[in-house]
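Visitor: This is work.cif, which holds mmCIF, N, CA and C atoms:
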```cif
data_structure
loop_
_atom_site.label_atom_id
_atom_site.label_comp_id
_atom_site.auth_asym_id
_atom_site.auth_seq_id
_atom_site.Cartn_x
_atom_site.Cartn_y
_atom_site.Cartn_z
N MET A 284 0.85 -1.17 0.00
CA MET A 284 0.00 0.00 0.00
C MET A 284 0.90 1.24 0.00
N ALA A 285 0.57 2.20 -0.83
CA ALA A 285 1.35 3.45 -0.91
C ALA A 285 1.00 4.35 0.26
N ARG A 286 2.02 5.05 0.72
CA ARG A 286 1.80 6.06 1.76
C ARG A 286 1.68 7.40 1.05
N PHE A 287 0.82 8.25 1.54
CA PHE A 287 0.61 9.55 0.90
C PHE A 287 1.92 10.32 0.80
N GLY A 288 2.73 10.28 1.84
CA GLY A 288 4.01 10.99 1.85
C GLY A 288 4.97 10.50 0.78
N ASP A 289 4.82 9.25 0.34
CA ASP A 289 5.70 8.69 -0.68
C ASP A 289 5.35 9.16 -2.09
N LEU A 290 4.21 9.80 -2.25
CA LEU A 290 3.76 10.24 -3.56
C LEU A 290 4.40 11.56 -3.99
N GLY A 291 5.06 12.24 -3.08
CA GLY A 291 5.75 13.49 -3.42
C GLY A 291 4.81 14.66 -3.66
N ILE A 292 3.61 14.60 -3.13
CA ILE A 292 2.65 15.69 -3.30
C ILE A 292 2.83 16.67 -2.15
N GLU A 293 3.04 17.93 -2.52
CA GLU A 293 3.22 18.95 -1.49
C GLU A 293 1.94 19.76 -1.36
N SER A 294 1.58 20.06 -0.15
CA SER A 294 0.40 20.87 0.12
C SER A 294 0.68 22.32 -0.24
N GLY A 295 -0.33 22.99 -0.73
CA GLY A 295 -0.20 24.40 -1.02
C GLY A 295 -0.51 25.26 0.19
N ALA A 296 -0.72 24.62 1.34
CA ALA A 296 -1.08 25.35 2.54
C ALA A 296 0.06 26.22 3.04
N ILE A 297 -0.30 27.37 3.54
CA ILE A 297 0.64 28.28 4.18
C ILE A 297 0.65 27.91 5.66
N ILE A 298 1.83 27.65 6.20
CA ILE A 298 1.91 27.20 7.59
C ILE A 298 2.55 28.26 8.47
N GLY A 299 2.35 28.10 9.75
CA GLY A 299 2.99 28.97 10.72
C GLY A 299 1.97 29.81 11.47
N LYS A 300 2.34 30.19 12.67
CA LYS A 300 1.51 31.05 13.50
C LYS A 300 1.43 32.42 12.84
N GLY A 301 0.28 33.04 12.90
CA GLY A 301 0.10 34.35 12.30
C GLY A 301 1.00 35.42 12.89
N ILE A 302 1.44 36.33 12.05
CA ILE A 302 2.24 37.46 12.48
C ILE A 302 1.73 38.69 11.74
N GLU A 303 1.61 39.81 12.43
CA GLU A 303 1.17 41.05 11.81
C GLU A 303 2.27 41.57 10.90
N ILE A 304 1.89 42.12 9.77
CA ILE A 304 2.88 42.62 8.82
C ILE A 304 3.75 43.71 9.45
N GLU A 305 3.18 44.48 10.35
CA GLU A 305 3.94 45.54 11.02
C GLU A 305 5.14 44.98 11.78
N GLU A 306 5.03 43.75 12.25
CA GLU A 306 6.13 43.12 12.98
C GLU A 306 7.28 42.72 12.06
N LEU A 307 7.03 42.72 10.75
CA LEU A 307 8.05 42.33 9.78
C LEU A 307 8.78 43.53 9.18
N PHE A 308 8.24 44.73 9.36
CA PHE A 308 8.85 45.91 8.75
C PHE A 308 10.30 46.06 9.17
N GLY A 309 11.16 46.25 8.18
CA GLY A 309 12.57 46.51 8.44
C GLY A 309 13.39 45.28 8.80
N LYS A 310 12.78 44.10 8.83
CA LYS A 310 13.50 42.87 9.15
C LYS A 310 13.79 42.09 7.87
N ARG A 311 14.99 41.58 7.76
CA ARG A 311 15.33 40.72 6.63
C ARG A 311 14.68 39.37 6.86
N ILE A 312 13.89 38.92 5.89
CA ILE A 312 13.13 37.67 6.00
C ILE A 312 13.26 36.88 4.71
N LEU A 313 12.80 35.66 4.76
CA LEU A 313 12.62 34.86 3.55
C LEU A 313 11.13 34.67 3.34
N ILE A 314 10.67 34.89 2.12
CA ILE A 314 9.30 34.53 1.77
C ILE A 314 9.41 33.18 1.09
N GLU A 315 8.80 32.19 1.71
CA GLU A 315 8.94 30.81 1.26
C GLU A 315 7.81 30.38 0.32
N LYS A 316 6.66 31.02 0.48
CA LYS A 316 5.49 30.64 -0.32
C LYS A 316 4.50 31.78 -0.27
N THR A 317 3.76 32.00 -1.35
CA THR A 317 2.71 33.01 -1.37
C THR A 317 1.45 32.44 -1.99
N LYS A 318 0.34 33.07 -1.63
CA LYS A 318 -0.95 32.68 -2.19
C LYS A 318 -1.76 33.97 -2.32
N ILE A 319 -2.21 34.25 -3.53
CA ILE A 319 -3.03 35.43 -3.78
C ILE A 319 -4.44 34.95 -4.08
N SER A 320 -5.41 35.50 -3.36
CA SER A 320 -6.80 35.08 -3.55
C SER A 320 -7.72 36.27 -3.36
N LYS A 321 -8.98 36.06 -3.67
CA LYS A 321 -9.98 37.11 -3.50
C LYS A 321 -10.13 37.41 -2.01
N SER A 322 -10.18 38.69 -1.69
CA SER A 322 -10.30 39.10 -0.30
C SER A 322 -11.74 38.96 0.19
N LYS A 323 -11.88 38.60 1.44
CA LYS A 323 -13.20 38.54 2.07
C LYS A 323 -13.65 39.93 2.49
N PHE A 324 -12.69 40.86 2.55
CA PHE A 324 -12.96 42.22 3.02
C PHE A 324 -12.95 43.18 1.84
N THR A 325 -14.10 43.32 1.19
CA THR A 325 -14.18 44.17 0.00
C THR A 325 -14.06 45.65 0.39
N GLY A 326 -13.50 46.41 -0.54
CA GLY A 326 -13.36 47.84 -0.33
C GLY A 326 -12.12 48.27 0.43
N LYS A 327 -11.32 47.31 0.88
CA LYS A 327 -10.11 47.64 1.65
C LYS A 327 -8.95 48.03 0.74
N ASN A 328 -8.97 47.56 -0.52
CA ASN A 328 -7.92 47.90 -1.47
C ASN A 328 -8.53 47.97 -2.87
N ASN A 329 -7.75 48.38 -3.84
CA ASN A 329 -8.28 48.53 -5.20
C ASN A 329 -8.46 47.21 -5.93
N SER A 330 -7.60 46.24 -5.64
CA SER A 330 -7.61 44.99 -6.39
C SER A 330 -8.68 44.00 -5.94
N GLY A 331 -9.12 44.13 -4.69
CA GLY A 331 -10.06 43.14 -4.15
C GLY A 331 -9.39 41.82 -3.82
N LEU A 332 -8.04 41.83 -3.78
CA LEU A 332 -7.27 40.61 -3.51
C LEU A 332 -6.59 40.70 -2.16
N ARG A 333 -6.13 39.55 -1.69
CA ARG A 333 -5.30 39.51 -0.48
C ARG A 333 -4.10 38.62 -0.76
N LEU A 334 -3.03 38.91 -0.08
CA LEU A 334 -1.79 38.16 -0.21
C LEU A 334 -1.54 37.44 1.11
N GLN A 335 -1.35 36.14 1.03
CA GLN A 335 -0.96 35.34 2.19
C GLN A 335 0.46 34.89 1.93
N MET A 336 1.34 35.13 2.91
CA MET A 336 2.75 34.77 2.76
C MET A 336 3.18 33.84 3.89
N GLN A 337 3.97 32.84 3.53
CA GLN A 337 4.67 32.04 4.52
C GLN A 337 6.07 32.60 4.59
N VAL A 338 6.41 33.19 5.73
CA VAL A 338 7.72 33.80 5.89
C VAL A 338 8.56 32.97 6.85
N VAL A 339 9.87 33.05 6.67
CA VAL A 339 10.79 32.38 7.57
C VAL A 339 11.62 33.47 8.24
N LEU A 340 11.60 33.46 9.57
CA LEU A 340 12.43 34.37 10.34
C LEU A 340 13.80 33.70 10.45
N ALA A 341 14.57 33.88 9.40
CA ALA A 341 15.82 33.15 9.23
C ALA A 341 17.00 33.91 9.82
N THR A 342 18.10 33.19 9.94
CA THR A 342 19.39 33.78 10.29
C THR A 342 20.18 33.88 9.00
N PHE A 343 20.88 34.98 8.83
CA PHE A 343 21.62 35.21 7.60
C PHE A 343 23.12 35.28 7.87
N ASN A 344 23.89 34.71 6.94
CA ASN A 344 25.35 34.76 7.00
C ASN A 344 25.85 36.02 6.31
N GLU A 345 27.07 36.39 6.61
CA GLU A 345 27.70 37.56 5.97
C GLU A 345 28.04 37.29 4.51
N THR A 346 28.36 36.04 4.20
CA THR A 346 28.74 35.67 2.84
C THR A 346 27.84 34.54 2.34
N PRO A 347 27.65 34.46 1.03
CA PRO A 347 26.78 33.40 0.50
C PRO A 347 27.44 32.03 0.54
N ASP A 348 26.60 31.00 0.53
CA ASP A 348 27.11 29.63 0.47
C ASP A 348 27.40 29.27 -1.00
N ALA A 349 27.69 28.02 -1.25
CA ALA A 349 28.04 27.57 -2.61
C ALA A 349 26.91 27.78 -3.61
N HIS A 350 25.67 27.87 -3.12
CA HIS A 350 24.52 28.07 -4.00
C HIS A 350 24.16 29.55 -4.15
N GLY A 351 24.92 30.41 -3.48
CA GLY A 351 24.65 31.85 -3.55
C GLY A 351 23.64 32.34 -2.54
N ASP A 352 23.26 31.46 -1.60
CA ASP A 352 22.26 31.83 -0.59
C ASP A 352 22.94 32.33 0.68
N PHE A 353 22.38 33.36 1.28
CA PHE A 353 22.93 33.93 2.50
C PHE A 353 22.28 33.35 3.76
N TYR A 354 21.14 32.70 3.63
CA TYR A 354 20.43 32.21 4.80
C TYR A 354 20.99 30.87 5.30
N VAL A 355 20.86 30.64 6.60
CA VAL A 355 21.30 29.40 7.22
C VAL A 355 20.29 28.31 6.85
N LYS A 356 20.82 27.13 6.51
CA LYS A 356 19.98 26.02 6.07
C LYS A 356 20.03 24.85 7.06
N LYS A 357 18.92 24.09 7.07
CA LYS A 357 18.89 22.84 7.81
C LYS A 357 19.64 21.79 7.01
N SER A 358 19.82 20.63 7.59
CA SER A 358 20.57 19.57 6.92
C SER A 358 19.92 19.13 5.60
N ASP A 359 18.60 19.33 5.46
CA ASP A 359 17.92 18.94 4.22
C ASP A 359 17.94 20.06 3.16
N GLY A 360 18.61 21.19 3.48
CA GLY A 360 18.75 22.28 2.53
C GLY A 360 17.67 23.35 2.62
N THR A 361 16.64 23.11 3.42
CA THR A 361 15.58 24.11 3.57
C THR A 361 16.01 25.19 4.56
N PRO A 362 15.42 26.37 4.45
CA PRO A 362 15.79 27.46 5.37
C PRO A 362 15.52 27.11 6.82
N ASP A 363 16.48 27.44 7.67
CA ASP A 363 16.34 27.22 9.10
C ASP A 363 15.75 28.48 9.72
N GLY A 364 14.72 28.32 10.49
CA GLY A 364 14.10 29.46 11.17
C GLY A 364 12.63 29.21 11.40
N GLU A 365 12.04 30.08 12.18
CA GLU A 365 10.62 29.96 12.52
C GLU A 365 9.76 30.38 11.33
N ARG A 366 8.77 29.55 10.99
CA ARG A 366 7.85 29.85 9.91
C ARG A 366 6.63 30.54 10.49
N ARG A 367 6.25 31.65 9.83
CA ARG A 367 5.09 32.42 10.27
C ARG A 367 4.22 32.71 9.06
N CYS A 368 2.98 32.99 9.30
CA CYS A 368 2.00 33.26 8.25
C CYS A 368 1.56 34.71 8.37
N CYS A 369 1.48 35.42 7.24
CA CYS A 369 1.11 36.82 7.25
C CYS A 369 0.13 37.10 6.12
N PHE A 370 -0.90 37.88 6.42
CA PHE A 370 -1.88 38.31 5.44
C PHE A 370 -1.76 39.80 5.22
N THR A 371 -1.96 40.25 3.98
CA THR A 371 -2.01 41.67 3.70
C THR A 371 -2.87 41.93 2.47
N GLY A 372 -3.48 43.09 2.46
CA GLY A 372 -4.23 43.53 1.30
C GLY A 372 -3.47 44.59 0.52
N SER A 373 -2.20 44.76 0.83
CA SER A 373 -1.39 45.79 0.16
C SER A 373 -1.30 45.51 -1.33
N ASP A 374 -1.91 46.40 -2.12
CA ASP A 374 -1.86 46.24 -3.57
C ASP A 374 -0.42 46.29 -4.08
N ILE A 375 0.43 47.09 -3.46
CA ILE A 375 1.82 47.19 -3.89
C ILE A 375 2.55 45.86 -3.69
N LEU A 376 2.35 45.22 -2.54
CA LEU A 376 2.99 43.92 -2.30
C LEU A 376 2.41 42.84 -3.21
N ILE A 377 1.10 42.87 -3.40
CA ILE A 377 0.46 41.90 -4.30
C ILE A 377 1.02 42.05 -5.71
N GLU A 378 1.09 43.28 -6.19
CA GLU A 378 1.64 43.53 -7.52
C GLU A 378 3.11 43.12 -7.60
N GLY A 379 3.86 43.32 -6.52
CA GLY A 379 5.27 42.92 -6.50
C GLY A 379 5.43 41.42 -6.64
N VAL A 380 4.62 40.65 -5.93
CA VAL A 380 4.68 39.19 -6.04
C VAL A 380 4.27 38.74 -7.44
N GLN A 381 3.21 39.33 -7.98
CA GLN A 381 2.76 38.96 -9.32
C GLN A 381 3.84 39.29 -10.36
N ALA A 382 4.49 40.44 -10.21
CA ALA A 382 5.55 40.82 -11.15
C ALA A 382 6.73 39.86 -11.05
N ALA A 383 7.08 39.46 -9.82
CA ALA A 383 8.19 38.51 -9.64
C ALA A 383 7.87 37.17 -10.29
N GLU A 384 6.63 36.71 -10.14
CA GLU A 384 6.23 35.44 -10.75
C GLU A 384 6.30 35.51 -12.27
N GLU A 385 5.85 36.63 -12.85
CA GLU A 385 5.92 36.80 -14.30
C GLU A 385 7.36 36.89 -14.78
N LYS A 386 8.18 37.63 -14.05
CA LYS A 386 9.58 37.83 -14.45
C LYS A 386 10.34 36.50 -14.41
N ILE A 387 10.16 35.71 -13.35
CA ILE A 387 10.88 34.44 -13.25
C ILE A 387 10.41 33.49 -14.35
N SER A 388 9.13 33.56 -14.70
CA SER A 388 8.62 32.72 -15.78
C SER A 388 9.31 33.07 -17.10
N GLY A 389 9.44 34.36 -17.39
CA GLY A 389 10.12 34.81 -18.61
C GLY A 389 11.59 34.45 -18.62
N ILE A 390 12.24 34.62 -17.47
CA ILE A 390 13.66 34.26 -17.36
C ILE A 390 13.84 32.76 -17.62
N ASN A 391 12.94 31.95 -17.08
CA ASN A 391 13.06 30.50 -17.25
C ASN A 391 12.81 30.06 -18.68
N VAL A 392 11.96 30.74 -19.41
CA VAL A 392 11.75 30.42 -20.82
C VAL A 392 13.08 30.60 -21.56
N GLU A 393 13.76 31.72 -21.29
CA GLU A 393 15.05 31.99 -21.93
C GLU A 393 16.11 30.97 -21.50
N ARG A 394 16.14 30.63 -20.21
CA ARG A 394 17.14 29.69 -19.71
C ARG A 394 16.95 28.30 -20.32
N ILE A 395 15.71 27.86 -20.41
CA ILE A 395 15.42 26.54 -20.98
C ILE A 395 15.81 26.51 -22.45
N ALA A 396 15.54 27.61 -23.17
CA ALA A 396 15.91 27.69 -24.59
C ALA A 396 17.43 27.59 -24.77
N LYS A 397 18.19 28.04 -23.77
CA LYS A 397 19.66 27.98 -23.83
C LYS A 397 20.19 26.65 -23.28
N GLY A 398 19.28 25.78 -22.81
CA GLY A 398 19.70 24.50 -22.24
C GLY A 398 20.12 24.61 -20.78
N GLU A 399 19.79 25.72 -20.15
CA GLU A 399 20.13 25.91 -18.73
C GLU A 399 18.97 25.46 -17.86
N THR A 400 19.27 25.22 -16.60
CA THR A 400 18.21 24.82 -15.67
C THR A 400 17.39 26.05 -15.27
N SER A 401 16.13 25.81 -14.96
CA SER A 401 15.26 26.91 -14.56
C SER A 401 15.54 27.32 -13.12
N LEU A 402 15.18 28.54 -12.80
CA LEU A 402 15.38 29.09 -11.47
C LEU A 402 14.10 28.98 -10.66
N GLU A 403 14.24 28.80 -9.36
CA GLU A 403 13.10 28.78 -8.45
C GLU A 403 12.89 30.18 -7.90
N LEU A 404 11.66 30.60 -7.78
CA LEU A 404 11.36 31.92 -7.23
C LEU A 404 11.52 31.94 -5.72
N TYR A 405 11.09 30.87 -5.09
CA TYR A 405 11.11 30.84 -3.62
C TYR A 405 12.21 29.93 -3.10
N PRO A 406 12.79 30.28 -1.98
CA PRO A 406 12.50 31.41 -1.10
C PRO A 406 13.10 32.71 -1.62
N ILE A 407 12.41 33.81 -1.33
CA ILE A 407 12.86 35.14 -1.71
C ILE A 407 13.44 35.82 -0.47
N ASP A 408 14.65 36.29 -0.58
CA ASP A 408 15.35 37.02 0.48
C ASP A 408 14.96 38.49 0.33
N THR A 409 14.26 39.06 1.31
CA THR A 409 13.76 40.43 1.17
C THR A 409 13.57 41.10 2.52
N THR A 410 13.30 42.37 2.45
CA THR A 410 12.90 43.17 3.61
C THR A 410 11.66 43.94 3.19
N ILE A 411 10.65 43.96 4.05
CA ILE A 411 9.45 44.74 3.77
C ILE A 411 9.61 46.08 4.49
N VAL A 412 9.47 47.15 3.73
CA VAL A 412 9.61 48.48 4.32
C VAL A 412 8.28 49.23 4.18
N LYS A 413 8.07 50.13 5.11
CA LYS A 413 6.89 50.97 5.07
C LYS A 413 7.33 52.39 4.74
N VAL A 414 6.75 52.94 3.69
CA VAL A 414 7.02 54.31 3.29
C VAL A 414 5.68 55.03 3.29
N GLY A 415 5.47 55.89 4.26
CA GLY A 415 4.16 56.52 4.43
C GLY A 415 3.13 55.48 4.77
N LYS A 416 2.09 55.39 3.94
CA LYS A 416 1.05 54.37 4.14
C LYS A 416 1.25 53.15 3.26
N CYS A 417 2.35 53.14 2.49
CA CYS A 417 2.61 52.06 1.53
C CYS A 417 3.67 51.10 2.06
N PHE A 418 3.55 49.84 1.64
CA PHE A 418 4.54 48.81 1.95
C PHE A 418 5.24 48.47 0.65
N ASN A 419 6.51 48.07 0.75
CA ASN A 419 7.25 47.68 -0.44
C ASN A 419 8.32 46.66 -0.07
N PHE A 420 8.72 45.85 -1.05
CA PHE A 420 9.83 44.91 -0.88
C PHE A 420 11.12 45.59 -1.27
N THR A 421 12.20 45.27 -0.57
CA THR A 421 13.52 45.76 -0.99
C THR A 421 14.45 44.57 -1.12
#
```
Could you render the structure as structure tokens?
Guide:
Amino acid sequence: MARFGDLGIESGAIIGKGIEIEELFGKRILIEKTKISKSKFTGKNNSGLRLQMQVVLATFNETPDAHGDFYVKKSDGTPDGERRCCFTGSDILIEGVQAAEEKISGINVERIAKGETSLELYPIDTTIVKVGKCFNFT
């Protein structure tokens, strides 16, 4: 009998205890997974969407490892750190994630055409900053 875990199917669920986006401002984090869906709270933003992010409160090294990553990894290669879940209706952050997904898709089309391996979007090493009433990735 097959075990579900042996099938290699990964859940799309965002895991981790909730954290307010304000607690992430100015902190270097990893975004490990995102999910954009219709918001239950209409009228809060222009898009009518919400962004759910799985973030890792990681530790970062001064220099990159052999793969070019600055974050500390567990023995299985995944980021080491506490996983938290964050929701936001920020249209700027939603648009940023959508633009990153489109850009990586275009980059990968070019890489595959050249016979190179495709790049993974996640985890993304970033800092969320607040400028006035707006949030942005840096």
Visitor: Exactly which residues make up the result of the PyMOL selection byres ((chain A and resi 295-311) around 5) on this file, given as a JSON list (two decimals) with N, CA and C atoms, in the coordinates of the input?
Guide:
```json
[["chain", "number", "residue", "atom", "x", "y", "z"],
["A", 293, "GLU", "N", 3.04, 17.93, -2.52],
["A", 293, "GLU", "CA", 3.22, 18.95, -1.49],
["A", 293, "GLU", "C", 1.94, 19.76, -1.36],
["A", 294, "SER", "N", 1.58, 20.06, -0.15],
["A", 294, "SER", "CA", 0.40, 20.87, 0.12],
["A", 294, "SER", "C", 0.68, 22.32, -0.24],
["A", 312, "ILE", "N", 13.89, 38.92, 5.89],
["A", 312, "ILE", "CA", 13.13, 37.67, 6.00],
["A", 312, "ILE", "C", 13.26, 36.88, 4.71],
["A", 313, "LEU", "N", 12.80, 35.66, 4.76],
["A", 313, "LEU", "CA", 12.62, 34.86, 3.55],
["A", 313, "LEU", "C", 11.13, 34.67, 3.34],
["A", 366, "ARG", "N", 8.77, 29.55, 10.99],
["A", 366, "ARG", "CA", 7.85, 29.85, 9.91],
["A", 366, "ARG", "C", 6.63, 30.54, 10.49],
["A", 367, "ARG", "N", 6.25, 31.65, 9.83],
["A", 367, "ARG", "CA", 5.09, 32.42, 10.27],
["A", 367, "ARG", "C", 4.22, 32.71, 9.06],
["A", 368, "CYS", "N", 2.98, 32.99, 9.30],
["A", 368, "CYS", "CA", 2.00, 33.26, 8.25],
["A", 368, "CYS", "C", 1.56, 34.71, 8.37],
["A", 369, "CYS", "N", 1.48, 35.42, 7.24],
["A", 369, "CYS", "CA", 1.11, 36.82, 7.25],
["A", 369, "CYS", "C", 0.13, 37.10, 6.12],
["A", 409, "THR", "N", 14.26, 39.06, 1.31],
["A", 409, "THR", "CA", 13.76, 40.43, 1.17],
["A", 409, "THR", "C", 13.57, 41.10, 2.52],
["A", 410, "THR", "N", 13.30, 42.37, 2.45],
["A", 410, "THR", "CA", 12.90, 43.17, 3.61],
["A", 410, "THR", "C", 11.66, 43.94, 3.19],
["A", 411, "ILE", "N", 10.65, 43.96, 4.05],
["A", 411, "ILE", "CA", 9.45, 44.74, 3.77],
["A", 411, "ILE", "C", 9.61, 46.08, 4.49],
["A", 412, "VAL", "N", 9.47, 47.15, 3.73],
["A", 412, "VAL", "CA", 9.61, 48.48, 4.32],
["A", 412, "VAL", "C", 8.28, 49.23, 4.18]]
```
Visitor: Can you measure atom N of Gln335 (chain A) to atom N of Thr371 (chain A) for me? One decimal in Å is fine.
Guide: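 So the two atoms, atom N of Gln335 (chain A) and atom N of Thr371 (chain A), lie 5.1 Å apart.
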Visitor: Tell me, as a ChimeraX atom specification, which residues lie within 10 Å of region 382-385 of chain A, counting only C-alpha atoms; anything in the same chain fewer than 3 positions away does not count.
Guide: /A:376-379,388-391,403-405,407
Visitor: Where in chain A does DSSP assign helix (DSSP H, G or I), given as a VMD selection string?
Guide: chain A and resid 287 to 290 304 to 307 374 to 396
Visitor: Could you tell me which of A:Asp374, A:Leu332, A:His350, A:Val380 comes closest to Lys316 (chain A) if we count only C-alpha atoms?
Guide: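 Of the candidates, the smallest distance to Lys316 (chain A) is held by A:Val380.
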Visitor: One decimal, in Å: what's the spacing between CA of Ser320 (chain A) and CA of Lys413 (chain A)?
Guide: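 It comes out at 22.7 Å.
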Visitor: Considering only C-alpha atoms, state which residue in the set A:Ile375, A:Ile387, A:Ile292, A:Ile395 is at the smallest distance from Cys417 (chain A).
Guide: A:Ile375
Visitor: At what distance in Å, to one decimal, does atom N of Gln381 (chain A) lie from atom N of Phe420 (chain A)?
Guide: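 Atom-to-atom, atom N of Phe420 (chain A) to atom N of Gln381 (chain A), that is 11.0 Å.
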Visitor: Go through A:Pro406, A:Ala285, A:Glu393, A:Gly372 one by one, measure the shortest atom-to-atom distance of each to Gly331 (chain A) using all atoms listed in the file, and give the residue with the smallest value.
Guide: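 When distances to Gly331 (chain A) are compared using all atoms listed in the file, the smallest one comes from A:Gly372.
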Visitor: Residue by residue, what does the PyMOL selection byres ((chain A and resi 340) around 5) grab here? Present the result as JSON, numbers by chain.
Guide: {"A": [338, 339, 341, 342, 364, 365]}
Visitor: Please save N, CA and C atoms of the selected residues as a tab-separated table (two decimals), in the frame of the given file.
Guide:
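Now in out_9.tsv:
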```tsv
chain	number	residue	atom	x	y	z
A	338	VAL	N	6.41	33.19	5.73
A	338	VAL	CA	7.72	33.80	5.89
A	338	VAL	C	8.56	32.97	6.85
A	339	VAL	N	9.87	33.05	6.67
A	339	VAL	CA	10.79	32.38	7.57
A	339	VAL	C	11.62	33.47	8.24
A	341	ALA	N	14.57	33.88	9.40
A	341	ALA	CA	15.82	33.15	9.23
A	341	ALA	C	17.00	33.91	9.82
A	342	THR	N	18.10	33.19	9.94
A	342	THR	CA	19.39	33.78	10.29
A	342	THR	C	20.18	33.88	9.00
A	364	GLY	N	14.72	28.32	10.49
A	364	GLY	CA	14.10	29.46	11.17
A	364	GLY	C	12.63	29.21	11.40
A	365	GLU	N	12.04	30.08	12.18
A	365	GLU	CA	10.62	29.96	12.52
A	365	GLU	C	9.76	30.38	11.33
```
Visitor: Select from region 287-406 of chain A everything DSSP, run on the backbone, classes as strand (DSSP E or B), then give the selection as a CSV table (one decimal) with N, CA and C atoms, in the frame of the given file.
Guide:
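Written out: states_7.csv:
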```csv
chain,number,residue,atom,x,y,z
A,300,LYS,N,2.3,30.2,12.7
A,300,LYS,CA,1.5,31.0,13.5
A,300,LYS,C,1.4,32.4,12.8
A,301,GLY,N,0.3,33.0,12.9
A,301,GLY,CA,0.1,34.4,12.3
A,301,GLY,C,1.0,35.4,12.9
A,308,PHE,N,8.2,44.7,9.4
A,308,PHE,CA,8.8,45.9,8.8
A,308,PHE,C,10.3,46.1,9.2
A,311,ARG,N,15.0,41.6,7.8
A,311,ARG,CA,15.3,40.7,6.6
A,311,ARG,C,14.7,39.4,6.9
A,312,ILE,N,13.9,38.9,5.9
A,312,ILE,CA,13.1,37.7,6.0
A,312,ILE,C,13.3,36.9,4.7
A,313,LEU,N,12.8,35.7,4.8
A,313,LEU,CA,12.6,34.9,3.6
A,313,LEU,C,11.1,34.7,3.3
A,314,ILE,N,10.7,34.9,2.1
A,314,ILE,CA,9.3,34.5,1.8
A,314,ILE,C,9.4,33.2,1.1
A,315,GLU,N,8.8,32.2,1.7
A,315,GLU,CA,8.9,30.8,1.3
A,315,GLU,C,7.8,30.4,0.3
A,316,LYS,N,6.7,31.0,0.5
A,316,LYS,CA,5.5,30.6,-0.3
A,316,LYS,C,4.5,31.8,-0.3
A,317,THR,N,3.8,32.0,-1.4
A,317,THR,CA,2.7,33.0,-1.4
A,317,THR,C,1.4,32.4,-2.0
A,318,LYS,N,0.3,33.1,-1.6
A,318,LYS,CA,-1.0,32.7,-2.2
A,318,LYS,C,-1.8,34.0,-2.3
A,319,ILE,N,-2.2,34.2,-3.5
A,319,ILE,CA,-3.0,35.4,-3.8
A,319,ILE,C,-4.4,35.0,-4.1
A,320,SER,N,-5.4,35.5,-3.4
A,320,SER,CA,-6.8,35.1,-3.6
A,320,SER,C,-7.7,36.3,-3.4
A,321,LYS,N,-9.0,36.1,-3.7
A,321,LYS,CA,-10.0,37.1,-3.5
A,321,LYS,C,-10.1,37.4,-2.0
A,332,LEU,N,-8.0,41.8,-3.8
A,332,LEU,CA,-7.3,40.6,-3.5
A,332,LEU,C,-6.6,40.7,-2.2
A,333,ARG,N,-6.1,39.6,-1.7
A,333,ARG,CA,-5.3,39.5,-0.5
A,333,ARG,C,-4.1,38.6,-0.8
A,334,LEU,N,-3.0,38.9,-0.1
A,334,LEU,CA,-1.8,38.2,-0.2
A,334,LEU,C,-1.5,37.4,1.1
A,335,GLN,N,-1.4,36.1,1.0
A,335,GLN,CA,-1.0,35.3,2.2
A,335,GLN,C,0.5,34.9,1.9
A,336,MET,N,1.3,35.1,2.9
A,336,MET,CA,2.8,34.8,2.8
A,336,MET,C,3.2,33.8,3.9
A,337,GLN,N,4.0,32.8,3.5
A,337,GLN,CA,4.7,32.0,4.5
A,337,GLN,C,6.1,32.6,4.6
A,338,VAL,N,6.4,33.2,5.7
A,338,VAL,CA,7.7,33.8,5.9
A,338,VAL,C,8.6,33.0,6.8
A,339,VAL,N,9.9,33.0,6.7
A,339,VAL,CA,10.8,32.4,7.6
A,339,VAL,C,11.6,33.5,8.2
A,340,LEU,N,11.6,33.5,9.6
A,340,LEU,CA,12.4,34.4,10.3
A,340,LEU,C,13.8,33.7,10.4
A,341,ALA,N,14.6,33.9,9.4
A,341,ALA,CA,15.8,33.2,9.2
A,341,ALA,C,17.0,33.9,9.8
A,343,PHE,N,20.9,35.0,8.8
A,343,PHE,CA,21.6,35.2,7.6
A,343,PHE,C,23.1,35.3,7.9
A,354,TYR,N,21.1,32.7,3.6
A,354,TYR,CA,20.4,32.2,4.8
A,354,TYR,C,21.0,30.9,5.3
A,356,LYS,N,20.8,27.1,6.5
A,356,LYS,CA,20.0,26.0,6.1
A,356,LYS,C,20.0,24.8,7.1
A,362,PRO,N,15.4,26.4,4.4
A,362,PRO,CA,15.8,27.5,5.4
A,362,PRO,C,15.5,27.1,6.8
A,364,GLY,N,14.7,28.3,10.5
A,364,GLY,CA,14.1,29.5,11.2
A,364,GLY,C,12.6,29.2,11.4
A,365,GLU,N,12.0,30.1,12.2
A,365,GLU,CA,10.6,30.0,12.5
A,365,GLU,C,9.8,30.4,11.3
A,366,ARG,N,8.8,29.6,11.0
A,366,ARG,CA,7.8,29.8,9.9
A,366,ARG,C,6.6,30.5,10.5
A,367,ARG,N,6.2,31.6,9.8
A,367,ARG,CA,5.1,32.4,10.3
A,367,ARG,C,4.2,32.7,9.1
A,368,CYS,N,3.0,33.0,9.3
A,368,CYS,CA,2.0,33.3,8.2
A,368,CYS,C,1.6,34.7,8.4
A,369,CYS,N,1.5,35.4,7.2
A,369,CYS,CA,1.1,36.8,7.2
A,369,CYS,C,0.1,37.1,6.1
A,370,PHE,N,-0.9,37.9,6.4
A,370,PHE,CA,-1.9,38.3,5.4
A,370,PHE,C,-1.8,39.8,5.2
A,371,THR,N,-2.0,40.2,4.0
A,371,THR,CA,-2.0,41.7,3.7
A,371,THR,C,-2.9,41.9,2.5
```
